>>> print(open('structure.txt').read())   # compact mmCIF, C-alpha atoms
# COMPACT_ATOMS: atom_id res chain seq x y z
CA MET A 1 -50.08 14.62 70.60
CA SER A 2 -51.25 11.49 68.77
CA PRO A 3 -49.41 8.21 69.42
CA GLY A 4 -46.70 7.58 66.86
CA ALA A 5 -46.20 11.27 66.03
CA PRO A 6 -42.65 12.22 64.96
CA LEU A 7 -40.44 12.97 67.97
CA LEU A 8 -37.82 15.72 68.13
CA LEU A 9 -35.24 15.44 70.94
CA THR A 10 -33.47 18.76 71.46
CA GLU A 11 -33.04 21.74 73.77
CA ASP A 12 -31.82 23.95 70.92
CA GLU A 13 -34.49 26.62 70.45
CA ALA A 14 -33.27 27.59 66.97
CA LEU A 15 -33.40 23.97 65.78
CA THR A 16 -36.81 23.49 67.40
CA GLY A 17 -38.18 26.54 65.61
CA GLU A 18 -36.82 25.40 62.27
CA VAL A 19 -38.24 21.87 62.58
CA LEU A 20 -41.63 23.11 63.74
CA ARG A 21 -41.75 25.50 60.78
CA LEU A 22 -41.06 22.63 58.37
CA ALA A 23 -43.54 20.40 60.18
CA ALA A 24 -46.22 23.07 59.77
CA ALA A 25 -45.49 23.24 56.05
CA ALA A 26 -45.88 19.45 55.89
CA GLY A 27 -49.09 19.49 57.94
CA THR A 28 -47.63 17.03 60.46
CA PRO A 29 -47.44 17.74 64.22
CA VAL A 30 -44.13 16.97 65.94
CA GLU A 31 -43.65 16.23 69.64
CA VAL A 32 -40.65 18.03 71.15
CA LEU A 33 -38.82 16.73 74.24
CA PRO A 34 -35.53 17.87 75.79
CA GLY A 35 -34.39 14.24 76.10
CA LEU A 36 -35.51 10.84 77.32
CA THR A 37 -35.89 11.88 80.94
CA ALA A 38 -39.46 10.55 81.00
CA GLY A 39 -38.40 7.05 79.90
CA LEU A 40 -38.09 5.15 76.64
CA GLY A 41 -41.78 5.18 75.74
CA PRO A 42 -41.57 8.16 73.34
CA TRP A 43 -38.45 6.67 71.70
CA ALA A 44 -40.17 3.35 71.05
CA ASN A 45 -43.59 4.68 70.03
CA ALA A 46 -42.67 7.50 67.64
CA GLU A 47 -42.90 6.79 63.92
CA VAL A 48 -39.70 8.80 63.39
CA VAL A 49 -37.17 10.16 65.88
CA LEU A 50 -35.27 13.36 65.07
CA VAL A 51 -32.25 13.86 67.32
CA GLY A 52 -30.81 17.34 67.67
CA ALA A 53 -27.03 17.71 67.48
CA ASP A 54 -27.08 18.96 71.09
CA GLN A 55 -28.59 15.68 72.32
CA ALA A 56 -26.79 13.08 70.18
CA ALA A 57 -23.83 12.36 72.48
CA ARG A 58 -26.05 12.40 75.56
CA LEU A 59 -28.43 9.96 73.90
CA VAL A 60 -25.56 7.61 73.07
CA GLY A 61 -24.78 7.52 76.80
CA ALA A 62 -28.40 6.63 77.59
CA ALA A 63 -28.07 3.61 75.26
CA PRO A 64 -31.67 3.37 74.04
CA PRO A 65 -32.54 0.16 72.15
CA PRO A 66 -31.82 0.27 68.40
CA ARG A 67 -34.75 1.23 66.16
CA ASP A 68 -35.47 2.27 62.60
CA GLN A 69 -36.13 5.80 61.34
CA VAL A 70 -33.70 7.77 63.53
CA HIS A 71 -32.29 10.93 61.93
CA VAL A 72 -29.73 13.29 63.49
CA LEU A 73 -30.25 17.01 62.75
CA ALA A 74 -27.76 19.85 62.70
CA LEU A 75 -28.11 23.51 61.85
CA GLY A 76 -25.36 24.16 59.32
CA SER A 77 -22.46 21.78 58.74
CA ALA A 78 -22.37 18.74 61.01
CA PRO A 79 -19.09 18.35 62.97
CA ASP A 80 -17.20 15.06 62.67
CA PRO A 81 -18.06 13.85 66.23
CA LEU A 82 -21.75 14.07 65.33
CA PHE A 83 -21.31 11.41 62.65
CA ARG A 84 -19.69 9.14 65.27
CA SER A 85 -22.70 9.62 67.53
CA ALA A 86 -25.05 8.94 64.62
CA LEU A 87 -23.27 5.65 63.96
CA ASP A 88 -23.55 4.67 67.61
CA LEU A 89 -27.29 5.40 67.50
CA ARG A 90 -27.61 3.44 64.24
CA ALA A 91 -29.22 6.52 62.74
CA SER A 92 -30.46 6.37 59.17
CA SER A 93 -28.95 9.73 58.27
CA VAL A 94 -27.39 12.97 59.42
CA LEU A 95 -29.37 15.93 58.04
CA GLU A 96 -27.87 19.40 57.73
CA LEU A 97 -30.39 22.22 57.73
CA PRO A 98 -31.28 24.22 55.73
CA ALA A 99 -29.73 22.06 52.94
CA ALA A 100 -31.95 19.07 53.84
CA GLU A 101 -35.17 21.07 54.25
CA GLN A 102 -36.91 19.58 51.20
CA TRP A 103 -36.05 16.02 52.22
CA LEU A 104 -37.36 16.59 55.75
CA VAL A 105 -40.59 18.22 54.56
CA GLU A 106 -41.28 15.35 52.16
CA MET A 107 -40.64 12.77 54.89
CA LEU A 108 -42.95 14.57 57.32
CA THR A 109 -45.57 14.96 54.60
CA ASP A 110 -45.51 11.20 54.03
CA LEU A 111 -46.16 10.63 57.72
CA GLY A 112 -48.98 13.15 57.80
CA ASP A 113 -50.49 11.43 54.78
CA GLY A 114 -50.86 8.23 56.77
CA ALA A 115 -48.41 6.57 54.41
CA HIS A 116 -46.39 4.65 57.00
CA ARG A 117 -48.27 1.36 56.41
CA PRO A 118 -46.50 -0.29 53.47
CA ALA A 119 -48.51 -1.40 50.47
CA THR A 120 -49.14 -5.00 49.53
CA THR A 121 -46.58 -5.37 46.75
CA VAL A 122 -47.19 -7.92 43.99
CA ALA A 123 -45.04 -8.61 40.92
CA VAL A 124 -46.61 -10.37 37.93
CA VAL A 125 -44.14 -12.26 35.72
CA GLY A 126 -44.83 -14.15 32.50
CA GLY A 127 -43.46 -17.69 32.38
CA SER A 128 -43.19 -17.37 28.58
CA GLY A 129 -43.95 -14.80 25.93
CA GLY A 130 -47.52 -13.79 25.19
CA VAL A 131 -48.98 -15.53 28.21
CA GLY A 132 -50.95 -12.49 29.36
CA ALA A 133 -48.96 -11.31 32.38
CA THR A 134 -49.32 -7.62 31.52
CA VAL A 135 -53.08 -7.92 31.07
CA LEU A 136 -53.40 -9.81 34.37
CA ALA A 137 -51.34 -7.14 36.17
CA ALA A 138 -53.70 -4.46 34.83
CA ALA A 139 -56.79 -6.47 35.79
CA LEU A 140 -55.41 -7.11 39.28
CA ALA A 141 -54.70 -3.41 39.82
CA LEU A 142 -58.09 -2.27 38.51
CA THR A 143 -59.87 -4.82 40.70
CA ALA A 144 -57.94 -3.88 43.85
CA GLY A 145 -58.51 -0.19 42.98
CA ARG A 146 -62.25 -0.48 43.62
CA ASP A 147 -61.60 -0.34 47.37
CA ALA A 148 -58.00 0.84 47.76
CA ARG A 149 -55.31 3.18 46.46
CA VAL A 150 -53.31 1.30 43.84
CA MET A 151 -50.16 2.04 41.88
CA LEU A 152 -49.54 0.00 38.73
CA VAL A 153 -45.87 -0.09 37.70
CA ASP A 154 -44.64 -1.05 34.23
CA LEU A 155 -41.11 -2.42 34.59
CA ASP A 156 -41.09 -4.20 31.23
CA PRO A 157 -39.77 -1.81 28.56
CA TRP A 158 -40.39 -4.45 25.85
CA GLY A 159 -43.99 -5.21 26.79
CA PRO A 160 -47.18 -3.78 25.24
CA GLY A 161 -47.28 -0.92 27.76
CA LEU A 162 -49.58 -0.77 30.76
CA ARG A 163 -50.74 2.74 29.95
CA ARG A 164 -52.36 1.52 26.74
CA ILE A 165 -53.65 -1.71 28.30
CA VAL A 166 -55.68 0.20 30.91
CA GLY A 167 -56.86 2.72 28.30
CA LEU A 168 -54.57 5.72 28.95
CA ASP A 169 -53.72 6.78 25.41
CA GLU A 170 -53.05 10.45 26.16
CA PRO A 171 -49.38 11.18 27.08
CA THR A 172 -50.14 12.79 30.45
CA GLY A 173 -48.51 12.40 33.86
CA VAL A 174 -45.02 11.31 34.80
CA THR A 175 -43.14 8.40 33.24
CA TRP A 176 -39.92 6.57 34.07
CA ARG A 177 -37.99 9.12 32.00
CA ASP A 178 -39.35 12.01 34.09
CA LEU A 179 -38.44 10.30 37.36
CA ALA A 180 -34.94 9.50 36.10
CA GLN A 181 -34.45 13.23 35.56
CA SER A 182 -35.63 14.13 39.09
CA PRO A 183 -32.87 13.35 41.60
CA GLY A 184 -33.54 13.21 45.31
CA ARG A 185 -36.11 11.63 47.55
CA LEU A 186 -39.57 11.01 46.11
CA GLY A 187 -42.48 12.04 48.28
CA SER A 188 -45.33 9.52 48.31
CA ARG A 189 -48.07 12.11 47.93
CA ALA A 190 -46.22 13.99 45.18
CA LEU A 191 -45.71 10.75 43.25
CA ARG A 192 -49.33 9.69 43.65
CA ASP A 193 -50.60 13.06 42.46
CA ALA A 194 -48.28 13.08 39.44
CA LEU A 195 -49.27 9.68 38.04
CA PRO A 196 -51.84 9.40 35.25
CA GLY A 197 -54.71 7.27 36.41
CA ARG A 198 -57.91 5.45 35.62
CA ASP A 199 -60.59 4.15 37.98
CA GLY A 200 -58.51 4.86 41.09
CA VAL A 201 -55.30 3.30 39.72
CA GLY A 202 -52.17 5.38 39.13
CA VAL A 203 -49.99 4.07 36.32
CA LEU A 204 -46.23 4.51 36.00
CA GLY A 205 -45.22 3.60 32.47
CA TRP A 206 -42.89 4.45 29.63
CA PRO A 207 -42.92 7.44 27.27
CA ASP A 208 -43.43 6.88 23.56
CA GLU A 209 -39.75 7.56 22.91
CA THR A 210 -37.07 4.97 23.68
CA THR A 211 -36.01 5.34 27.31
CA ALA A 212 -33.13 3.78 29.24
CA VAL A 213 -34.02 1.07 31.74
CA PRO A 214 -34.18 2.65 35.21
CA SER A 215 -31.29 2.09 37.58
CA PRO A 216 -31.74 -0.21 40.60
CA ALA A 217 -31.48 2.84 42.87
CA LEU A 218 -34.33 4.58 41.04
CA VAL A 219 -36.47 1.43 41.12
CA ARG A 220 -35.96 1.12 44.89
CA GLU A 221 -36.79 4.80 45.43
CA VAL A 222 -39.94 4.65 43.28
CA LEU A 223 -41.21 1.47 44.90
CA SER A 224 -40.48 2.87 48.36
CA ALA A 225 -42.45 6.06 47.65
CA GLY A 226 -45.21 4.09 45.95
CA SER A 227 -45.48 1.73 48.89
CA ARG A 228 -45.76 4.60 51.36
CA GLY A 229 -48.51 6.29 49.37
CA HIS A 230 -50.70 3.36 48.29
CA ASP A 231 -52.44 0.28 49.62
CA TRP A 232 -51.43 -1.94 46.69
CA LEU A 233 -48.40 -1.88 44.41
CA VAL A 234 -48.79 -4.08 41.30
CA ILE A 235 -45.72 -4.50 39.09
CA ASP A 236 -45.57 -5.84 35.55
CA SER A 237 -42.12 -7.39 35.56
CA PRO A 238 -39.99 -8.71 32.69
CA ARG A 239 -38.85 -12.34 32.70
CA GLY A 240 -35.19 -11.54 32.22
CA ALA A 241 -32.71 -11.23 35.06
CA ASP A 242 -31.30 -7.73 35.45
CA PRO A 243 -30.29 -5.43 38.34
CA ALA A 244 -33.57 -3.49 38.22
CA MET A 245 -35.59 -6.69 38.59
CA ALA A 246 -33.42 -7.83 41.50
CA ALA A 247 -34.06 -4.50 43.22
CA MET A 248 -37.80 -4.96 42.67
CA LEU A 249 -38.01 -8.56 43.90
CA GLY A 250 -36.50 -7.61 47.25
CA ARG A 251 -39.53 -5.40 47.94
CA CYS A 252 -42.30 -7.79 46.87
CA HIS A 253 -44.57 -9.67 49.24
CA HIS A 254 -45.79 -11.91 46.42
CA VAL A 255 -44.64 -12.88 42.93
CA VAL A 256 -47.29 -14.24 40.54
CA LEU A 257 -45.91 -16.41 37.75
CA VAL A 258 -48.30 -16.74 34.81
CA ALA A 259 -47.92 -20.03 32.90
CA ARG A 260 -49.77 -21.52 29.96
CA ALA A 261 -50.89 -25.15 30.05
CA ALA A 262 -48.68 -26.28 27.15
CA VAL A 263 -45.49 -28.34 27.20
CA GLY A 264 -43.14 -25.70 25.82
CA ALA A 265 -44.65 -22.92 27.93
CA VAL A 266 -44.35 -25.00 31.11
CA ALA A 267 -40.68 -25.74 30.35
CA SER A 268 -40.01 -22.01 29.98
CA ALA A 269 -41.99 -21.18 33.13
CA ALA A 270 -40.04 -23.78 35.11
CA ARG A 271 -36.77 -21.98 34.31
CA VAL A 272 -38.25 -18.64 35.34
CA ALA A 273 -39.64 -20.17 38.55
CA ASP A 274 -36.24 -21.62 39.47
CA ARG A 275 -34.59 -18.23 39.06
CA LEU A 276 -37.25 -16.43 41.08
CA ARG A 277 -36.93 -18.94 43.91
CA SER A 278 -33.15 -18.58 43.87
CA ASP A 279 -33.67 -14.85 44.41
CA GLY A 280 -35.75 -15.61 47.51
CA ALA A 281 -39.11 -14.59 46.03
CA ALA A 282 -42.41 -15.97 47.39
CA VAL A 283 -43.79 -17.33 44.10
CA GLY A 284 -47.25 -18.68 43.26
CA ALA A 285 -48.69 -19.79 39.93
CA VAL A 286 -51.57 -18.57 37.80
CA VAL A 287 -52.30 -21.00 34.96
CA ARG A 288 -53.86 -20.11 31.61
CA CYS A 289 -56.31 -22.88 30.75
CA ARG A 290 -60.01 -23.62 30.47
CA ARG A 291 -61.92 -22.94 33.67
CA GLY A 292 -62.13 -26.07 35.80
CA SER A 293 -59.49 -27.90 33.80
CA PRO A 294 -57.44 -30.41 35.83
CA LEU A 295 -54.39 -29.16 33.92
CA ALA A 296 -54.10 -26.14 36.21
CA GLU A 297 -53.16 -28.27 39.22
CA ASP A 298 -50.86 -30.40 37.06
CA VAL A 299 -49.00 -27.35 35.74
CA ALA A 300 -48.57 -25.84 39.22
CA ARG A 301 -47.31 -29.20 40.49
CA ALA A 302 -44.83 -29.45 37.63
CA LEU A 303 -43.54 -25.99 38.50
CA GLY A 304 -43.34 -26.82 42.20
CA LEU A 305 -45.60 -23.85 43.01
CA GLU A 306 -48.85 -23.25 44.80
CA LEU A 307 -51.76 -22.70 42.41
CA LEU A 308 -53.21 -19.24 43.12
CA CYS A 309 -55.98 -19.34 40.50
CA GLU A 310 -56.84 -20.26 36.94
CA LEU A 311 -56.90 -17.71 34.13
CA PRO A 312 -59.40 -18.68 31.40
CA ASP A 313 -59.43 -17.00 28.00
CA GLN A 314 -61.75 -14.00 27.69
CA ARG A 315 -63.82 -13.40 24.58
CA ARG A 316 -63.32 -10.11 22.71
CA LEU A 317 -60.43 -9.13 24.99
CA ASP A 318 -58.25 -7.88 22.12
CA GLU A 319 -61.14 -5.82 20.78
CA HIS A 320 -61.74 -4.19 24.16
CA LEU A 321 -58.04 -3.38 24.55
CA ASP A 322 -57.83 -1.93 21.03
CA LEU A 323 -60.79 0.34 21.84
CA GLY A 324 -59.13 1.58 25.04
CA LEU A 325 -61.80 0.00 27.25
CA GLY A 326 -59.37 -1.87 29.50
CA PRO A 327 -59.25 -5.57 30.37
CA VAL A 328 -62.09 -5.60 32.94
CA ARG A 329 -65.42 -4.91 31.26
CA SER A 330 -67.61 -6.32 34.04
CA ARG A 331 -67.18 -7.91 37.44
CA ARG A 332 -68.31 -11.26 36.02
CA CYS A 333 -65.85 -11.52 33.13
CA PRO A 334 -63.12 -14.19 33.47
CA LEU A 335 -60.30 -11.70 34.06
CA ALA A 336 -62.28 -9.89 36.75
CA LEU A 337 -63.08 -13.14 38.55
CA SER A 338 -59.45 -14.31 38.46
CA ALA A 339 -58.21 -10.89 39.61
CA ALA A 340 -60.75 -10.79 42.45
CA ALA A 341 -59.58 -14.23 43.59
CA LEU A 342 -55.98 -12.94 43.65
CA VAL A 343 -56.94 -9.80 45.58
CA ASP A 344 -58.70 -11.90 48.21
CA ARG A 345 -55.81 -14.35 48.47
CA LEU A 346 -52.84 -12.00 48.37
CA GLY A 347 -54.39 -9.30 50.53
CA VAL A 348 -55.10 -11.57 53.51
CA GLY A 349 -53.49 -10.28 56.68
CA ARG A 350 -52.34 -6.99 55.18
>>> encode(input="structure.txt", output="structure tokens")
Amino acid sequence: MSPGAPLLLTEDEALTGEVLRLAAAAGTPVEVLPGLTAGLGPWANAEVVLVGADQAARLVGAAPPPRDQVHVLALGSAPDPLFRSALDLRASSVLELPAAEQWLVEMLTDLGDGAHRPATTVAVVGGSGGVGATVLAAALALTAGRDARVMLVDLDPWGPGLRRIVGLDEPTGVTWRDLAQSPGRLGSRALRDALPGRDGVGVLGWPDETTAVPSPALVREVLSAGSRGHDWLVIDSPRGADPAMAAMLGRCHHVVLVARAAVGAVASAARVADRLRSDGAAVGAVVRCRRGSPLAEDVARALGLELLCELPDQRRLDEHLDLGLGPVRSRRCPLALSAAALVDRLGVGR
């Protein structure tokens, strides 16, 4: 059994058979032990621990150290004392089989897909209107997608639409509306396969019809599944403060604030930067200006942010976007160079 494989602790043959059947359907091997008689190594090393109802109270008595990803399993309805044991173990959930079969298969599928390493999650926010945050988000995703699995998420219902920016004009694949109509846990592989994509980048955007803003719970679930199934998660975020944005910021490793080197734009960006910092976000600045201009450092200093890179204007960009060619026409164009600098900087250590 490979290190980190899911661990099932039970002596219940019926439960063992059921879990192994589901694990086979997910393509993920599961190690089965009757308890922790061999020590705490399996408990500490497993990616996920599944505790049979027959072992829960006994395990509480053994007092193993707290850990994440512990789930208590029962065949049929779980008795009340089992929930008490689950609380004592700090378990994430109590699963009743067969009702929770789909959830368990999706979770095991994620593990078998190698999706346990979370993605580098980056939100791109415009400091003012029309500063190019959506285009930069698309360029960043397409650049990272040359060597990694990337999910590009459009969280700005009032923006130009990432699907069109990257050149996906055909209404294929899932959108926010589809996910809002699909309750339950999202599997990382199922989400990745359902997204429309271009050049290795899956794009979650909006349908052509007016759609309600997703709930914070849906945003958290989508970003969690996306993070499990990709190497990079790039989010085009609105400037406004709302519950969905707050749910998103809590999952970001980096927030990129795009500011223009103009007095009014800097004043607007400063207000956005203050709010992002108050939410605990790790914010850096990208400044729209001529390449090599000393204004970039001045703008970042005025915002109280680290300068991540400059973002020069790119000739014929609007024409390329109108033709559905995407924002990155060559690896030497200004957007590609700025995006590559961000990939190198934000991806360090991950």
>>> atom_distance(input="structure.txt", atom1="CA of Gly197 (chain A)", atom2="CA of Leu111 (chain A)")
23.2 Å
>>> residues_around(input="structure.txt", residues="region 11-25 of chain A", least_positions_apart="5", cutoff="7 Å", atoms="all atoms listed in the file", output="PyMOL selection string")
chain A and resi 30+34+54+75+105+108
>>> residues_around(input="structure.txt", residues="Thr121 (chain A)", least_positions_apart="3", cutoff="6 Å", atoms="all atoms listed in the file", output="list in words")
Trp232, Leu233, Cys252 and His253 of chain A
>>> closest_residue(input="structure.txt", among="A:Leu89, A:Ala296, A:Val94, A:Val286", to="Ala259 (chain A)", atoms="only C-alpha atoms")
A:Val286
>>> residues_around(input="structure.txt", residues="region 141-148 of chain A", least_positions_apart="3", cutoff="12 Å", atoms="all atoms listed in the file", output="MDAnalysis selection string")
chainID A and resid 119:124 134:138 151:154 162 165:167 197:203 229:236 326:333 335:347
>>> closest_residue(input="structure.txt", among="A:Leu308, A:Ala26, A:Ala267, A:Val258", to="Gly130 (chain A)", atoms="only C-alpha atoms")
A:Val258
>>> closest_residue(input="structure.txt", among="A:Glu106, A:Asp156, A:Glu319, A:Glu310", to="Leu257 (chain A)", atoms="all atoms listed in the file")
A:Glu310
>>> closest_residue(input="structure.txt", among="A:Arg316, A:Asp242, A:Ala217, A:Leu325", to="Leu168 (chain A)", atoms="only C-alpha atoms")
A:Leu325
>>> closest_residue(input="structure.txt", among="A:Gly132, A:Pro214, A:Gly159, A:Gly304", to="Asp318 (chain A)", atoms="only C-alpha atoms")
A:Gly132
>>> closest_residue(input="structure.txt", among="A:Pro207, A:Pro66, A:Gly264, A:Pro42", to="Gly127 (chain A)", atoms="only C-alpha atoms")
A:Gly264
>>> atom_distance(input="structure.txt", atom1="CA of Ala262 (chain A)", atom2="CA of Pro160 (chain A)")
22.6 Å
>>> atom_distance(input="structure.txt", atom1="CA of Val283 (chain A)", atom2="CA of Ala225 (chain A)")
23.7 Å
>>> residues_around(input="structure.txt", residues="Arg67 (chain A)", least_positions_apart="5", cutoff="12 Å", atoms="all atoms listed in the file", output="NGL selection string")
:A and (40 or 43-49 or 88-92)
